[in-house]
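Novice: I am sharing start_13.cif, which consists of mmCIF, C-alpha atoms:
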```cif
data_entry
#
loop_
_atom_site.label_atom_id
_atom_site.label_comp_id
_atom_site.auth_asym_id
_atom_site.auth_seq_id
_atom_site.Cartn_x
_atom_site.Cartn_y
_atom_site.Cartn_z
CA MET A 1 3.19 -32.36 -7.45
CA SER A 2 4.07 -29.89 -10.17
CA ILE A 3 1.15 -27.62 -9.33
CA ILE A 4 2.14 -27.59 -5.64
CA LEU A 5 5.66 -26.56 -6.61
CA GLU A 6 4.31 -23.84 -8.86
CA VAL A 7 2.15 -22.51 -6.03
CA PHE A 8 5.23 -22.63 -3.81
CA ILE A 9 7.30 -20.66 -6.35
CA TYR A 10 4.43 -18.17 -6.73
CA LEU A 11 4.24 -17.63 -2.96
CA ALA A 12 8.02 -17.54 -2.64
CA THR A 13 8.23 -14.88 -5.35
CA GLY A 14 5.62 -12.78 -3.57
CA SER A 15 7.33 -13.22 -0.21
CA PHE A 16 10.76 -12.38 -1.65
CA TYR A 17 9.35 -9.23 -3.27
CA TRP A 18 7.75 -8.30 0.06
CA TRP A 19 11.04 -8.88 1.90
CA TRP A 20 12.95 -6.80 -0.65
CA THR A 21 10.51 -3.87 -0.48
CA GLN A 22 10.50 -4.03 3.32
CA ASN A 23 14.26 -4.11 3.76
CA LEU A 24 16.14 -3.08 0.63
CA THR A 25 14.32 -0.14 -0.90
CA VAL A 26 16.55 2.84 -1.65
CA PHE A 27 14.74 6.18 -2.02
CA ALA A 28 11.49 4.16 -2.26
CA LEU A 29 12.88 2.29 -5.26
CA ALA A 30 13.24 -1.44 -5.78
CA PRO A 31 13.13 -3.76 -8.78
CA ASN A 32 9.62 -4.93 -9.50
CA LEU A 33 10.21 -8.62 -8.86
CA ILE A 34 6.58 -9.45 -9.61
CA PHE A 35 7.05 -8.05 -13.11
CA ALA A 36 10.42 -9.81 -13.41
CA ALA A 37 8.87 -13.14 -12.36
CA ALA A 38 6.02 -12.71 -14.83
CA LEU A 39 8.51 -12.02 -17.61
CA CYS A 40 10.76 -14.97 -16.68
CA ALA A 41 7.76 -17.31 -16.49
CA ALA A 42 6.61 -16.02 -19.88
CA ILE A 43 10.02 -16.78 -21.38
CA LEU A 44 10.33 -20.25 -19.85
CA ALA A 45 6.79 -21.62 -19.84
CA GLY A 46 4.40 -22.59 -22.59
CA PRO A 47 1.91 -19.97 -23.74
CA VAL A 48 -1.09 -21.00 -21.60
CA LYS A 49 0.93 -21.37 -18.43
CA ALA A 50 2.81 -18.14 -19.17
CA VAL A 51 -0.43 -16.16 -19.47
CA ALA A 52 -1.78 -17.81 -16.31
CA TRP A 53 1.41 -16.87 -14.42
CA GLY A 54 1.13 -13.31 -15.71
CA PHE A 55 -2.49 -13.15 -14.60
CA PHE A 56 -1.94 -14.50 -11.08
CA LEU A 57 1.23 -12.50 -10.45
CA GLY A 58 -0.70 -9.47 -11.66
CA LEU A 59 -3.47 -10.19 -9.16
CA TYR A 60 -0.81 -10.34 -6.44
CA ALA A 61 0.49 -6.92 -7.52
CA ASP A 62 -3.09 -5.62 -7.57
CA MET A 63 -3.61 -6.79 -4.00
CA LEU A 64 -0.54 -4.84 -2.88
CA GLY A 65 -1.95 -1.58 -4.22
CA ALA A 66 -5.12 0.28 -3.32
CA SER A 67 -6.42 1.36 -6.69
CA MET A 68 -7.80 -0.75 -9.56
CA PHE A 69 -8.16 -4.46 -8.93
CA GLY A 70 -7.36 -6.37 -12.10
CA GLY A 71 -5.17 -3.74 -13.77
CA TYR A 72 -1.86 -5.48 -13.27
CA ALA A 73 -3.52 -8.86 -13.98
CA LEU A 74 -4.55 -7.60 -17.42
CA THR A 75 -1.21 -5.90 -18.04
CA TYR A 76 0.93 -8.92 -17.16
CA SER A 77 -1.37 -11.36 -19.01
CA LEU A 78 -0.99 -9.30 -22.19
CA MET A 79 2.74 -8.99 -21.57
CA ALA A 80 3.03 -12.78 -21.32
CA TYR A 81 1.18 -13.14 -24.61
CA ALA A 82 3.45 -10.54 -26.22
CA VAL A 83 6.49 -12.47 -25.00
CA TYR A 84 5.02 -15.65 -26.49
CA VAL A 85 4.81 -13.88 -29.87
CA LEU A 86 8.29 -12.36 -29.47
CA LYS A 87 9.82 -15.72 -28.55
CA ARG A 88 9.08 -17.01 -32.04
CA HIS A 89 11.16 -14.25 -33.59
CA PHE A 90 13.90 -13.59 -31.04
CA ASP A 91 16.10 -15.70 -28.83
CA MET A 92 14.89 -14.77 -25.38
CA ALA A 93 17.18 -17.19 -23.56
CA SER A 94 20.26 -14.96 -23.68
CA PRO A 95 20.81 -12.47 -20.84
CA PHE A 96 21.21 -9.54 -23.20
CA SER A 97 17.87 -10.10 -24.94
CA GLN A 98 16.22 -10.55 -21.53
CA LEU A 99 17.76 -7.29 -20.38
CA VAL A 100 16.50 -5.41 -23.43
CA ALA A 101 13.08 -7.08 -23.23
CA ALA A 102 12.79 -6.20 -19.52
CA LEU A 103 13.67 -2.58 -20.22
CA VAL A 104 11.22 -2.18 -23.09
CA LEU A 105 8.40 -4.20 -21.53
CA SER A 106 8.74 -2.37 -18.19
CA TRP A 107 8.03 0.94 -19.88
CA ALA A 108 5.32 -0.61 -22.04
CA CYS A 109 3.61 -2.11 -18.98
CA MET A 110 3.87 1.14 -17.02
CA LEU A 111 2.34 3.16 -19.84
CA PHE A 112 -0.40 0.57 -20.38
CA TYR A 113 -1.21 0.44 -16.66
CA GLN A 114 -1.20 4.24 -16.54
CA ALA A 115 -3.68 4.36 -19.43
CA LEU A 116 -5.88 1.79 -17.67
CA SER A 117 -5.72 3.70 -14.40
CA LEU A 118 -6.58 7.01 -16.04
CA SER A 119 -9.49 5.37 -17.88
CA PHE A 120 -10.98 3.41 -14.99
CA SER A 121 -10.21 5.53 -11.93
CA SER A 122 -8.84 8.86 -13.24
CA ILE A 123 -5.70 8.41 -11.17
CA ASN A 124 -2.17 8.81 -12.48
CA PRO A 125 -0.40 5.93 -10.74
CA THR A 126 3.16 6.29 -12.00
CA GLY A 127 5.60 8.72 -10.45
CA LEU A 128 8.37 10.11 -12.60
CA LYS A 129 11.05 8.65 -10.35
CA ILE A 130 9.66 5.13 -10.74
CA PHE A 131 9.10 5.60 -14.46
CA LEU A 132 12.72 6.64 -15.01
CA VAL A 133 14.55 4.27 -12.68
CA GLU A 134 12.52 1.10 -12.14
CA PRO A 135 12.88 -0.30 -15.71
CA PHE A 136 16.67 -0.33 -15.29
CA LEU A 137 16.39 -2.15 -11.96
CA ASN A 138 13.99 -4.62 -13.59
CA ALA A 139 16.42 -5.12 -16.45
CA LEU A 140 19.12 -6.08 -13.97
CA ALA A 141 16.81 -8.35 -11.98
CA VAL A 142 15.33 -10.33 -14.87
CA PRO A 143 18.45 -12.25 -16.02
CA VAL A 144 19.18 -13.22 -12.40
CA LEU A 145 15.63 -14.32 -11.70
CA PHE A 146 15.57 -16.14 -15.02
CA GLN A 147 18.51 -18.29 -13.90
CA VAL A 148 16.69 -19.14 -10.67
CA PHE A 149 13.49 -20.06 -12.51
CA TYR A 150 15.51 -22.00 -15.10
CA TRP A 151 17.20 -23.95 -12.32
CA PHE A 152 13.79 -24.82 -10.87
CA LYS A 153 12.53 -25.85 -14.30
CA ARG A 154 15.52 -28.16 -14.89
CA ARG A 155 15.45 -29.70 -11.41
CA THR A 156 11.73 -30.04 -10.86
CA GLY A 157 10.06 -29.69 -14.25
CA VAL A 158 7.81 -26.83 -13.16
CA LEU A 159 6.86 -23.96 -15.53
CA MET B 160 2.23 -25.42 -33.45
CA SER B 161 -1.24 -24.39 -34.53
CA ARG B 162 -2.71 -26.19 -31.55
CA GLU B 163 -0.35 -24.34 -29.24
CA LYS B 164 -1.29 -21.07 -30.91
CA ASP B 165 -4.99 -21.83 -30.44
CA ALA B 166 -4.42 -22.64 -26.78
CA ALA B 167 -2.48 -19.40 -26.32
CA ASN B 168 -5.28 -17.44 -27.98
CA TYR B 169 -7.96 -19.06 -25.81
CA ALA B 170 -5.87 -18.43 -22.69
CA ILE B 171 -5.29 -14.75 -23.41
CA VAL B 172 -8.96 -14.20 -24.28
CA PHE B 173 -10.06 -15.94 -21.07
CA PHE B 174 -7.65 -14.13 -18.75
CA THR B 175 -8.23 -10.78 -20.48
CA ALA B 176 -11.98 -11.22 -20.07
CA VAL B 177 -11.60 -12.03 -16.37
CA SER B 178 -9.28 -9.04 -15.84
CA VAL B 179 -11.63 -6.67 -17.65
CA LEU B 180 -14.59 -7.97 -15.63
CA LEU B 181 -12.64 -7.30 -12.43
CA LEU B 182 -11.85 -3.80 -13.63
CA ILE B 183 -15.36 -2.95 -14.80
CA PHE B 184 -17.20 -4.44 -11.82
CA PRO B 185 -14.88 -3.84 -8.82
CA ALA B 186 -17.73 -4.25 -6.32
CA SER B 187 -19.17 -7.41 -7.85
CA LYS B 188 -19.21 -10.84 -6.27
CA LEU B 189 -16.56 -12.00 -8.79
CA ALA B 190 -14.13 -9.24 -7.80
CA HIS B 191 -14.90 -9.76 -4.13
CA THR B 192 -14.23 -13.51 -4.36
CA ALA B 193 -11.04 -12.96 -6.35
CA ARG B 194 -9.79 -10.46 -3.77
CA ILE B 195 -10.40 -12.88 -0.91
CA ALA B 196 -8.78 -15.76 -2.80
CA VAL B 197 -5.69 -13.72 -3.69
CA SER B 198 -5.46 -12.25 -0.19
CA TYR B 199 -4.42 -15.73 1.00
CA SER B 200 -1.29 -15.46 -1.16
CA LEU B 201 -0.30 -12.42 0.92
CA TYR B 202 -0.46 -14.38 4.18
CA PRO B 203 3.00 -16.01 4.12
CA SER B 204 4.81 -12.73 3.68
CA LEU B 205 2.57 -10.27 5.48
CA HIS B 206 1.80 -12.36 8.54
CA TYR B 207 4.41 -15.08 9.06
CA GLY B 208 7.22 -13.20 7.28
CA ALA B 209 6.65 -10.07 9.30
CA THR B 210 6.34 -11.95 12.60
CA TYR B 211 9.47 -14.09 12.28
CA GLY B 212 11.51 -11.66 10.18
CA HIS B 213 11.14 -9.14 12.94
CA PHE B 214 12.73 -11.49 15.50
CA VAL B 215 15.58 -12.60 13.23
CA ARG B 216 16.42 -9.08 12.07
CA ASN B 217 16.57 -7.72 15.59
CA VAL B 218 18.74 -10.30 17.37
CA PRO B 219 21.96 -8.18 17.58
CA ALA B 220 20.03 -5.01 18.32
CA ASN B 221 17.97 -6.74 20.99
CA PHE B 222 21.06 -7.59 23.04
CA VAL B 223 22.22 -3.97 23.10
CA SER B 224 18.73 -2.68 23.76
CA LEU B 225 18.40 -5.10 26.70
CA LEU B 226 21.23 -3.31 28.47
CA GLU B 227 19.88 0.10 27.57
CA THR B 228 16.39 -0.93 28.67
CA ASP B 229 17.62 -1.65 32.17
CA GLN B 230 18.99 1.88 32.50
CA GLU B 231 15.88 3.37 30.98
CA ASN B 232 13.73 1.28 33.28
CA ARG B 233 15.25 2.87 36.37
CA ALA B 234 14.77 6.37 34.97
CA LEU B 235 11.22 5.61 33.92
CA LYS B 236 10.26 4.31 37.35
CA ASP B 237 11.06 7.73 38.80
CA LYS B 238 9.12 9.39 36.05
CA VAL B 239 6.11 7.14 36.61
CA ARG B 240 5.94 8.17 40.24
CA GLN B 241 5.87 11.83 39.24
CA LEU B 242 3.32 11.20 36.52
CA GLU B 243 1.00 9.35 38.84
CA LEU B 244 0.75 12.47 40.96
CA LYS B 245 -0.04 14.51 37.87
CA LEU B 246 -2.55 11.91 36.73
CA GLN B 247 -4.55 12.30 39.90
CA ASN B 248 -4.85 16.02 39.21
CA THR B 249 -5.69 15.41 35.54
CA ALA B 250 -8.38 12.85 36.34
CA ALA B 251 -10.31 15.47 38.27
CA SER B 252 -9.98 17.95 35.40
CA THR B 253 -11.05 15.35 32.82
CA ALA B 254 -14.11 14.40 34.84
CA GLU B 255 -15.08 18.05 35.12
CA ASN B 256 -14.45 18.57 31.40
CA GLU B 257 -16.62 15.58 30.48
CA ARG B 258 -19.40 16.76 32.77
CA LEU B 259 -19.37 20.27 31.27
CA THR B 260 -19.20 18.90 27.72
CA ARG B 261 -22.18 16.65 28.42
CA GLU B 262 -24.18 19.41 30.09
CA MET B 263 -23.47 21.96 27.40
CA ARG B 264 -23.79 19.38 24.58
CA LEU B 265 -20.73 20.88 22.98
CA SER B 266 -19.09 17.97 21.26
CA ARG B 267 -19.80 14.57 19.80
CA ALA B 268 -16.17 13.57 20.12
CA LEU B 269 -15.36 10.62 22.33
CA PRO B 270 -12.04 9.78 23.93
CA TRP B 271 -9.76 8.06 21.42
CA SER B 272 -9.22 4.36 21.81
CA GLY B 273 -7.37 2.04 19.53
CA SER B 274 -4.25 -0.03 19.14
CA TRP B 275 -0.75 0.20 17.77
CA ALA B 276 0.13 -1.69 14.61
CA ARG B 277 3.35 -2.23 12.70
CA ILE B 278 3.68 -1.51 8.98
CA VAL B 279 4.49 -4.81 7.31
CA GLY B 280 4.08 -4.18 3.60
CA LYS B 281 4.78 -1.17 1.43
CA THR B 282 5.21 -1.49 -2.30
CA PRO B 283 7.22 1.06 -4.33
CA ALA B 284 4.56 1.08 -7.05
CA ASP B 285 2.07 2.45 -4.51
CA TRP B 286 4.46 4.14 -2.08
CA TYR B 287 2.23 7.13 -1.33
CA GLY B 288 -0.99 5.17 -1.89
CA SER B 289 -1.30 2.40 0.66
CA PHE B 290 0.46 0.01 3.01
CA PHE B 291 -0.33 -3.06 5.08
CA ILE B 292 -0.37 -3.25 8.87
CA ASP B 293 0.01 -6.38 11.00
CA LYS B 294 -3.40 -6.13 12.71
CA GLY B 295 -6.70 -7.27 11.27
CA SER B 296 -10.23 -8.14 12.25
CA GLU B 297 -8.93 -10.51 14.94
CA ALA B 298 -7.49 -7.44 16.69
CA GLY B 299 -10.72 -5.50 16.30
CA ILE B 300 -9.69 -3.41 13.29
CA ALA B 301 -12.60 -2.38 11.07
CA VAL B 302 -12.98 -0.68 7.71
CA ASN B 303 -12.70 3.14 7.91
CA ASP B 304 -10.88 3.15 11.24
CA THR B 305 -8.65 6.21 11.44
CA VAL B 306 -4.90 5.63 11.15
CA LEU B 307 -2.53 7.99 12.94
CA GLY B 308 1.23 8.28 12.76
CA MET B 309 3.58 9.89 15.25
CA GLN B 310 5.99 12.52 14.05
CA ASP B 311 8.04 14.80 16.29
CA ASP B 312 6.06 13.58 19.32
CA ARG B 313 2.79 14.65 17.76
CA ALA B 314 0.03 12.47 16.30
CA GLY B 315 -0.90 13.21 12.71
CA LEU B 316 -3.41 11.79 10.27
CA ALA B 317 -1.90 9.06 8.08
CA GLY B 318 -5.06 7.67 6.46
CA ARG B 319 -7.85 5.18 7.05
CA VAL B 320 -8.32 1.43 6.95
CA LEU B 321 -9.47 0.35 3.49
CA GLU B 322 -9.58 -3.45 3.66
CA VAL B 323 -9.54 -5.76 6.65
CA TYR B 324 -8.37 -9.37 6.72
CA PRO B 325 -8.16 -11.60 9.81
CA LYS B 326 -4.47 -10.98 10.51
CA PHE B 327 -3.63 -7.83 8.53
CA SER B 328 -5.27 -4.77 7.01
CA LYS B 329 -4.67 -2.42 4.12
CA VAL B 330 -4.44 1.30 4.90
CA LEU B 331 -5.37 3.94 2.34
CA LEU B 332 -2.97 6.83 2.86
CA LEU B 333 -4.17 10.41 2.79
CA THR B 334 -1.54 11.01 0.10
CA ASN B 335 -3.34 8.55 -2.23
CA SER B 336 -4.96 10.31 -5.19
CA ALA B 337 -8.29 8.74 -4.20
CA ALA B 338 -8.16 9.96 -0.57
CA SER B 339 -9.48 13.19 0.91
CA ALA B 340 -10.48 14.71 4.25
CA VAL B 341 -12.47 17.74 5.35
CA CYS B 342 -10.14 20.01 7.31
CA ALA B 343 -10.22 23.19 9.31
CA ILE B 344 -7.57 25.80 8.61
CA ALA B 345 -6.10 27.57 11.62
CA PRO B 346 -6.60 30.18 12.92
CA THR B 347 -9.88 31.00 11.13
CA GLY B 348 -11.34 27.50 11.35
CA LEU B 349 -12.43 27.72 7.72
CA GLU B 350 -13.28 24.31 6.27
CA ALA B 351 -11.60 23.03 3.12
CA LEU B 352 -11.05 19.75 1.33
CA VAL B 353 -7.59 18.21 1.56
CA GLU B 354 -6.83 15.67 -1.18
CA GLY B 355 -3.97 13.32 -1.90
CA LYS B 356 -1.95 13.77 -5.08
CA GLY B 357 -0.14 10.44 -5.23
CA THR B 358 3.06 12.24 -4.21
CA TRP B 359 4.47 13.23 -0.82
CA LEU B 360 2.39 16.43 -0.88
CA LEU B 361 -1.31 17.04 -0.31
CA LYS B 362 -3.52 19.59 -2.02
CA VAL B 363 -6.11 21.79 -0.36
CA SER B 364 -8.89 22.97 -2.65
CA TYR B 365 -12.03 25.08 -2.57
CA VAL B 366 -10.65 27.74 -0.24
CA PRO B 367 -12.21 31.19 -0.70
CA GLU B 368 -9.57 33.84 -1.37
CA GLU B 369 -10.73 36.23 1.34
CA PRO B 370 -9.44 34.51 4.48
CA GLY B 371 -5.90 34.80 3.21
CA LEU B 372 -4.66 31.25 3.40
CA SER B 373 -0.99 31.66 4.24
CA VAL B 374 2.13 29.53 4.18
CA GLY B 375 2.62 27.75 7.50
CA ALA B 376 -1.10 27.59 8.35
CA GLU B 377 -1.96 24.45 10.25
CA LEU B 378 -4.71 22.08 9.12
CA THR B 379 -6.64 19.78 11.43
CA THR B 380 -9.55 17.46 10.74
CA SER B 381 -12.84 19.25 10.95
CA PRO B 382 -15.88 18.28 13.03
CA GLY B 383 -17.80 18.58 9.74
CA GLY B 384 -16.05 15.53 8.28
CA LEU B 385 -17.61 12.20 9.14
CA LEU B 386 -14.76 9.81 8.43
CA PHE B 387 -12.18 11.22 10.82
CA PRO B 388 -12.49 12.47 14.41
CA ALA B 389 -12.10 16.22 14.76
CA GLY B 390 -8.87 17.90 15.75
CA ILE B 391 -6.27 15.56 14.26
CA PHE B 392 -3.24 17.35 12.82
CA VAL B 393 -3.26 16.90 9.01
CA GLY B 394 -0.42 19.11 7.80
CA ARG B 395 0.92 22.58 7.13
CA VAL B 396 0.48 24.78 4.06
CA THR B 397 3.74 25.03 2.11
CA LYS B 398 2.66 26.93 -0.99
CA VAL B 399 -0.41 28.98 -1.90
CA TYR B 400 -1.26 29.25 -5.58
CA PRO B 401 -2.69 32.54 -6.89
CA ARG B 402 -6.34 32.49 -7.92
CA GLU B 403 -6.97 31.74 -11.58
CA SER B 404 -9.10 34.36 -13.31
CA PHE B 405 -11.88 31.85 -14.04
CA MET B 406 -11.95 30.33 -10.53
CA ASN B 407 -13.67 31.47 -7.36
CA PHE B 408 -11.36 29.45 -5.13
CA ILE B 409 -7.67 29.12 -4.48
CA THR B 410 -5.61 25.98 -3.93
CA ALA B 411 -2.48 25.27 -1.91
CA ASP B 412 0.11 22.55 -1.34
CA VAL B 413 0.18 20.98 2.11
CA ALA B 414 3.05 19.06 3.69
CA PRO B 415 1.42 16.09 5.47
CA ALA B 416 1.74 15.81 9.24
CA VAL B 417 3.13 12.32 8.81
CA ASP B 418 6.04 11.42 6.55
CA VAL B 419 5.25 8.06 4.96
CA ASN B 420 8.93 7.41 4.28
CA THR B 421 9.86 7.27 7.94
CA LEU B 422 6.70 5.70 9.33
CA LYS B 423 7.21 2.34 11.03
CA GLU B 424 4.24 2.03 13.39
CA VAL B 425 0.78 3.53 13.34
CA TYR B 426 -2.04 3.94 15.83
CA VAL B 427 -5.42 2.70 14.62
CA LEU B 428 -8.36 4.54 16.16
CA ARG B 429 -11.62 2.64 16.52
CA ARG B 430 -14.35 4.65 14.84
CA ASN B 431 -17.45 2.47 15.24
CA LEU B 432 -19.04 4.16 12.27
CA PRO B 433 -22.51 3.15 11.07
CA ALA B 434 -22.62 0.02 8.93
CA GLU B 435 -23.45 2.03 5.76
CA PHE B 436 -19.96 3.52 5.90
CA SER B 437 -18.26 0.14 5.59
CA GLY B 438 -17.53 -1.21 2.14
CA PRO B 439 -18.58 -4.65 0.95
CA LEU B 440 -15.12 -5.99 1.71
CA GLN B 441 -15.32 -5.94 5.47
CA ALA B 442 -15.73 -8.83 7.85
CA GLU B 443 -16.94 -11.38 5.32
CA LYS B 444 -13.27 -12.26 4.90
CA LYS B 445 -13.08 -13.76 8.36
#
```
Could you quickly redo this structure as structure tokens?
Specialist:
Amino acid sequence: MSIILEVFIYLATGSFYWWWTQNLTVFALAPNLIFAAALCAAILAGPVKAVAWGFFLGLYADMLGASMFGGYALTYSLMAYAVYVLKRHFDMASPFSQLVAALVLSWACMLFYQALSLSFSSINPTGLKIFLVEPFLNALAVPVLFQVFYWFKRRTGVL
Amino acid sequence: MSREKDAANYAIVFFTAVSVLLLIFPASKLAHTARIAVSYSLYPSLHYGATYGHFVRNVPANFVSLLETDQENRALKDKVRQLELKLQNTAASTAENERLTREMRLSRALPWSGSWARIVGKTPADWYGSFFIDKGSEAGIAVNDTVLGMQDDRAGLAGRVLEVYPKFSKVLLLTNSAASAVCAIAPTGLEALVEGKGTWLLKVSYVPEEPGLSVGAELTTSPGGLLFPAGIFVGRVTKVYPRESFMNFITADVAPAVDVNTLKEVYVLRRNLPAEFSGPLQAEKK
């Protein structure tokens, strides 16, 4: 039952991100809810599940783009592992630490993905506008999404 | 704690290895299978979400447009009558044109045929790179079909179909850094390579300095390019860069014929290209 719910949350996250990017983008900008979901899952779940969530959400993000397949999967898997290490030293349950973590990890992920893209396909994937604005949108989205995921975890035991 | 740490280490090694394999061997069976498997996670949003969301979103607008449609319908009926007269004249001209083209063996171009599709998925991370349309192999879409957009009542080149799934397809935009097209520059007809930059602009390269590429020059797809039919409007030159001392060619910025930001529907032209042109991702996903 738990795995079905997790698949449901995974699909719901993807669908919600799709709906947001279809209807609520402003100047082609929107919070990266796939990244936010990967970060929230990494904070809430155990290490193995967190890395698996990062990997599969990354694959979803890879499918949405047209360049490297596997780039976001690698980036979000490593991010989930980094969060697992960070969790042992910092309290990631408070909104402020989530906000700071989202801001820092957004930039870290963008730079890592950019390095991957330049290495594997010689394409610079990140526009300046996205690089400057998206991390702040992510930082605002993560505490909200965390509460949603936390509610699911309490009610259904998933993650 | 140590057990948890071990599990975490095994997990990250496993998933990293899979990701790296996908990155290193993008055309392998593993990557192909993973793509197909993950494509199913796009179904709820891209197919069902787009279909039903469209109806829900448009309920208030539909009522107003129903009234407007009635008025338009009357006006259009008059227009249709006039156009039918014109069509009879045009049919004779077209037949003559086709006969002369065939007799003189002037062109390999065929009349365009295709279908309209709605854009149902565009991600900010790849805004100028790709988008999804709501038609797939079930509607006859194939890999490398040409995708046109309408802007100011004129069709322009938007890109080509990159991946096809049963109910939706992914379009590689011409503005993607990995996309390019062979174009002819008006009025000289000189051929040059137009490439995407990952931004809203295109770049035209390998243009000899002599013809004097000027701002405002119009670019259309060239008969020399195989991927796209000839004569499609690609864009206009907005800036010409001076020749570098060590280069034999000049480059220029091109404003694309189609603005991705305002595009809602596209027209997909059937190309029926030889099988060697299709990537490994086609059709097997049915």
Novice: Kindly provide, as a VMD selection string, the residues of chain A having any atom no farther than 7 Å from an atom of chain B, counting only C-alpha atoms.
Specialist: chain A and resid 11 15 18 21 to 22 28 to 30 47 to 48 51 55 59 to 60 63 to 66 68 to 71 73 to 74 77 81 123
Novice: Separation of atom CA of Leu360 of chain B and atom CA of Lys398 of chain B, in Å?
Specialist: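 Between atom CA of Leu360 of chain B and atom CA of Lys398 of chain B the gap is 10.5 Å.
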Novice: Would you mind reading off the distance between atom CA of Phe146 of chain A and atom CA of Phe27 of chain A, one decimal, in Å?
Specialist: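 Interatomic distance, atom CA of Phe146 of chain A to atom CA of Phe27 of chain A: 25.8 Å.
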Novice: Exactly which residues make up the result of the PyMOL selection byres ((chain A and resi 36) around 12) on this file, given as a PyMOL selection string?
Specialist: chain A and resi 13-14+17+30-35+37-43+53-54+57-58+61+76+79-80+98-99+101-103+105-106+109+134-149
Novice: Of the candidates A:Trp20, A:Val83, A:Val158, A:Leu128, which one gets nearest to Phe8 of chain A if we count only C-alpha atoms?
Specialist: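 Result for the nearest residue to Phe8 of chain A: A:Val158.
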